[in-house]
Amino acid sequence: QSALTQPASVSGSPGQSITISCTGTGSDVGAYSHVSWYQQHPGKAPKLMIYDVSNRPSGVSNRFSGSKSGNTASLTISGLQAEDEADYYCSSCTSSSTLNWVFGGGTKLTVL
Amino acid sequence: EVQLVQSGAEVKKPGESLKISCKGSGFLFTNYWIGWVRQMPGKGLEWMGIIYPGDSDTRYSPSFQGQVTISADKSISTAYLQWSSLKASDTAMYYCLRRGSGSYYFHYWGQGTLVTVSS
């Protein structure tokens, strides 16, 4: 199972919007509406930011949004803030019967 | 409050065995799948496998099948990840995580256990 493809890095200035893409295949991202996104600050455990493509858990800022088209999912962060600087990982279920998941390679977001 | 508390950092030699733990609290442990993820130094997250403590149904990523063993003791609400013979390439941070009921995402994560394998 190959990792989902994410850009290695993205950057933006405070207040701007950025989008991180996550490209898979018709067997994972394209097959299920079960794409999730996780934020990881250095030395910390990942934190769920988006689930089921576009849903935000309670407590996550509405500056974070998700979408999907075909085999590519996207995470958009609007109104960038310094605290958004972190690594971001997408994930997709690859089989609802065997319960297997795959993660993206991760994207380092730098707030300039 | 849902919590997953993992055991402490380990330093081991190649060839040694190891079992790390993840204790759940604040929820009915037997009713939720508990998964494991590896993060090698400076690298991304890798899915390892998942267990349902209620009946010990275990599913492994093809990449980790035969390399590790996932188990659980529901009487003490604890899941385990174990190696019979460690390699230097097993050096990584390992996270346990809880799958939501009927969902395909992981809202709750342990704090991570750092495993260092070095001669």
# chains A, B, ... in the order shown; residues from 1 in each chain; ligands from 1
>>> residues_around(residues="segment 103-109 of chain A", least_positions_apart="6", cutoff="6 Å", atoms="only C-alpha atoms", output="ChimeraX atom specification")
/A:3-11,85-91 /B:44
>>> write_last_selection(atoms="all heavy atoms", output="CSV table (one decimal), in the first residue's frame")
chain,number,residue,atom,x,y,z
A,3,ALA,N,1.9,5.2,0.2
A,3,ALA,CA,1.4,6.4,0.9
A,3,ALA,C,0.7,7.3,0.0
A,3,ALA,O,1.0,7.4,-1.2
A,3,ALA,CB,2.6,7.1,1.6
A,4,LEU,N,-0.3,8.0,0.5
A,4,LEU,CA,-0.9,9.1,-0.3
A,4,LEU,C,0.1,10.2,-0.5
A,4,LEU,O,1.0,10.4,0.3
A,4,LEU,CB,-2.1,9.6,0.5
A,4,LEU,CG,-3.1,8.6,1.0
A,4,LEU,CD1,-4.2,9.2,1.8
A,4,LEU,CD2,-3.7,7.9,-0.2
A,5,THR,N,-0.1,10.9,-1.6
A,5,THR,CA,0.9,11.9,-2.1
A,5,THR,C,0.5,13.3,-1.6
A,5,THR,O,-0.6,13.8,-2.0
A,5,THR,CB,1.1,11.9,-3.6
A,5,THR,OG1,1.5,10.6,-4.0
A,5,THR,CG2,2.1,12.9,-4.0
A,6,GLN,N,1.3,13.9,-0.8
A,6,GLN,CA,1.2,15.3,-0.4
A,6,GLN,C,2.4,16.1,-0.8
A,6,GLN,O,3.5,15.5,-0.8
A,6,GLN,CB,1.0,15.4,1.2
A,6,GLN,CG,-0.1,14.6,1.8
A,6,GLN,CD,-0.2,14.8,3.3
A,6,GLN,OE1,-0.3,13.8,4.0
A,6,GLN,NE2,-0.1,16.0,3.7
A,7,PRO,N,2.2,17.4,-1.0
A,7,PRO,CA,3.4,18.2,-1.2
A,7,PRO,C,4.3,18.2,0.1
A,7,PRO,O,3.7,18.2,1.2
A,7,PRO,CB,2.8,19.6,-1.4
A,7,PRO,CG,1.5,19.6,-0.8
A,7,PRO,CD,1.0,18.2,-1.0
A,8,ALA,N,5.6,18.3,-0.1
A,8,ALA,CA,6.4,18.2,1.1
A,8,ALA,C,6.3,19.5,2.0
A,8,ALA,O,6.4,19.4,3.2
A,8,ALA,CB,7.9,18.1,0.7
A,9,SER,N,6.1,20.6,1.3
A,9,SER,CA,6.0,21.8,2.1
A,9,SER,C,5.0,22.8,1.4
A,9,SER,O,4.9,22.8,0.2
A,9,SER,CB,7.3,22.4,2.3
A,9,SER,OG,7.9,22.8,1.0
A,10,VAL,N,4.4,23.7,2.2
A,10,VAL,CA,3.7,24.8,1.7
A,10,VAL,C,3.9,25.9,2.7
A,10,VAL,O,4.3,25.7,3.8
A,10,VAL,CB,2.1,24.5,1.6
A,10,VAL,CG1,1.8,23.4,0.6
A,10,VAL,CG2,1.6,24.3,3.0
A,11,SER,N,3.7,27.1,2.2
A,11,SER,CA,3.9,28.3,3.1
A,11,SER,C,2.9,29.4,2.8
A,11,SER,O,2.4,29.4,1.7
A,11,SER,CB,5.4,28.8,3.0
A,11,SER,OG,5.6,29.3,1.7
A,85,GLU,N,1.4,26.7,12.1
A,85,GLU,CA,2.6,26.1,11.6
A,85,GLU,C,2.8,24.8,12.2
A,85,GLU,O,2.9,24.6,13.4
A,85,GLU,CB,3.8,27.0,11.9
A,85,GLU,CG,5.1,26.5,11.3
A,85,GLU,CD,6.2,27.6,11.2
A,85,GLU,OE1,6.0,28.6,10.5
A,85,GLU,OE2,7.3,27.4,11.9
A,86,ALA,N,2.9,23.7,11.4
A,86,ALA,CA,2.9,22.3,11.9
A,86,ALA,C,3.0,21.4,10.6
A,86,ALA,O,3.0,21.9,9.5
A,86,ALA,CB,1.6,22.0,12.6
A,87,ASP,N,3.1,20.1,10.9
A,87,ASP,CA,3.0,19.1,9.9
A,87,ASP,C,1.5,18.7,9.8
A,87,ASP,O,0.9,18.5,10.8
A,87,ASP,CB,3.9,17.9,10.2
A,87,ASP,CG,5.4,18.3,10.1
A,87,ASP,OD1,5.8,19.1,9.3
A,87,ASP,OD2,6.1,17.7,11.0
A,88,TYR,N,1.1,18.4,8.5
A,88,TYR,CA,-0.3,18.0,8.3
A,88,TYR,C,-0.2,16.7,7.5
A,88,TYR,O,0.5,16.5,6.5
A,88,TYR,CB,-1.0,19.1,7.5
A,88,TYR,CG,-1.3,20.3,8.4
A,88,TYR,CD1,-0.4,21.3,8.5
A,88,TYR,CD2,-2.5,20.4,9.1
A,88,TYR,CE1,-0.6,22.4,9.3
A,88,TYR,CE2,-2.7,21.5,9.9
A,88,TYR,CZ,-1.8,22.5,10.0
A,88,TYR,OH,-2.0,23.6,10.8
A,89,TYR,N,-1.1,15.7,8.0
A,89,TYR,CA,-1.1,14.4,7.3
A,89,TYR,C,-2.6,14.1,6.9
A,89,TYR,O,-3.5,14.3,7.8
A,89,TYR,CB,-0.7,13.3,8.3
A,89,TYR,CG,0.8,13.4,8.7
A,89,TYR,CD1,1.2,14.1,9.8
A,89,TYR,CD2,1.8,12.8,7.9
A,89,TYR,CE1,2.5,14.2,10.1
A,89,TYR,CE2,3.1,12.9,8.2
A,89,TYR,CZ,3.5,13.6,9.3
A,89,TYR,OH,4.8,13.7,9.7
A,90,CYS,N,-2.7,13.6,5.7
A,90,CYS,CA,-4.0,13.1,5.4
A,90,CYS,C,-4.1,11.6,5.6
A,90,CYS,O,-3.0,11.0,5.7
A,90,CYS,CB,-4.4,13.4,3.9
A,90,CYS,SG,-3.3,12.7,2.7
A,91,SER,N,-5.2,11.0,5.7
A,91,SER,CA,-5.4,9.6,5.8
A,91,SER,C,-6.7,9.2,5.2
A,91,SER,O,-7.6,9.9,5.1
A,91,SER,CB,-5.4,9.3,7.3
A,91,SER,OG,-5.6,7.9,7.5
B,44,GLY,N,7.1,10.4,8.2
B,44,GLY,CA,5.6,10.5,8.4
B,44,GLY,C,5.0,9.4,9.2
B,44,GLY,O,5.7,8.5,9.7
>>> interface_residues(of="chain B", to="chain A", cutoff="12 Å", atoms="only C-alpha atoms", output="PyMOL selection string")
chain B and resi 4-6+33-52+57-65+93-100+102-114
>>> select_by_dssp(residues="chain A", states="strand (DSSP E)", output="PyMOL selection string")
chain A and resi 9-12+18-23+35-40+47-50+64-69+72-77+86-95+100-103+107-111
>>> residues_around(residues="Ser69 of chain A", least_positions_apart="5", cutoff="12 Å", atoms="only C-alpha atoms", output="PyMOL selection string")
chain A and resi 21-26+29-33+35+53-54+74-75
>>> select_by_dssp(residues="segment 29-104 of chain B", states="helix (DSSP H, G or I)", output="MDAnalysis selection string")
chainID B and resid 29:31 74:76 88:90
>>> residues_around(residues="Leu86 of chain B", least_positions_apart="2", cutoff="8 Å", atoms="only C-alpha atoms", output="MDAnalysis selection string")
chainID B and resid 12:18 83:84 88 90 117
>>> write_last_selection(atoms="N, CA and C atoms", output="compact mmCIF listing (two decimals), in the first residue's frame")
# COMPACT_ATOMS: atom_id res chain seq x y z
N LYS B 12 16.67 -0.37 23.67
CA LYS B 12 16.92 -1.80 23.57
C LYS B 12 18.06 -2.07 22.59
N LYS B 13 18.59 -3.28 22.66
CA LYS B 13 19.63 -3.72 21.72
C LYS B 13 18.99 -4.56 20.62
N PRO B 14 19.62 -4.59 19.44
CA PRO B 14 19.11 -5.44 18.36
C PRO B 14 19.00 -6.88 18.84
N GLY B 15 17.90 -7.53 18.42
CA GLY B 15 17.66 -8.92 18.82
C GLY B 15 16.85 -9.08 20.07
N GLU B 16 16.73 -8.02 20.88
CA GLU B 16 15.94 -8.12 22.10
C GLU B 16 14.44 -8.05 21.79
N SER B 17 13.64 -8.49 22.76
CA SER B 17 12.19 -8.41 22.61
C SER B 17 11.67 -7.21 23.37
N LEU B 18 10.44 -6.80 23.02
CA LEU B 18 9.87 -5.62 23.66
C LEU B 18 8.35 -5.67 23.53
N TRP B 83 7.44 -6.83 19.86
CA TRP B 83 8.42 -7.33 18.93
C TRP B 83 9.14 -8.52 19.57
N SER B 84 9.44 -9.55 18.78
CA SER B 84 10.19 -10.68 19.31
C SER B 84 11.69 -10.50 19.12
N ALA B 88 17.46 -2.32 14.36
CA ALA B 88 17.74 -0.88 14.45
C ALA B 88 16.67 -0.08 13.71
N ASP B 90 13.64 -0.49 13.73
CA ASP B 90 12.41 -0.34 14.54
C ASP B 90 12.46 0.92 15.40
N VAL B 117 16.47 1.48 19.28
CA VAL B 117 17.17 0.19 19.19
C VAL B 117 18.58 0.47 18.70
>>> closest_residue(among="B:Thr91, B:Ser21, B:Ser118, B:Ser101", to="Ala72 of chain B", atoms="only C-alpha atoms")
B:Ser21
>>> closest_residue(among="A:Gln81, A:Ser2, A:Ser65, A:Thr76", to="Ser27 of chain A", atoms="only C-alpha atoms")
A:Ser2
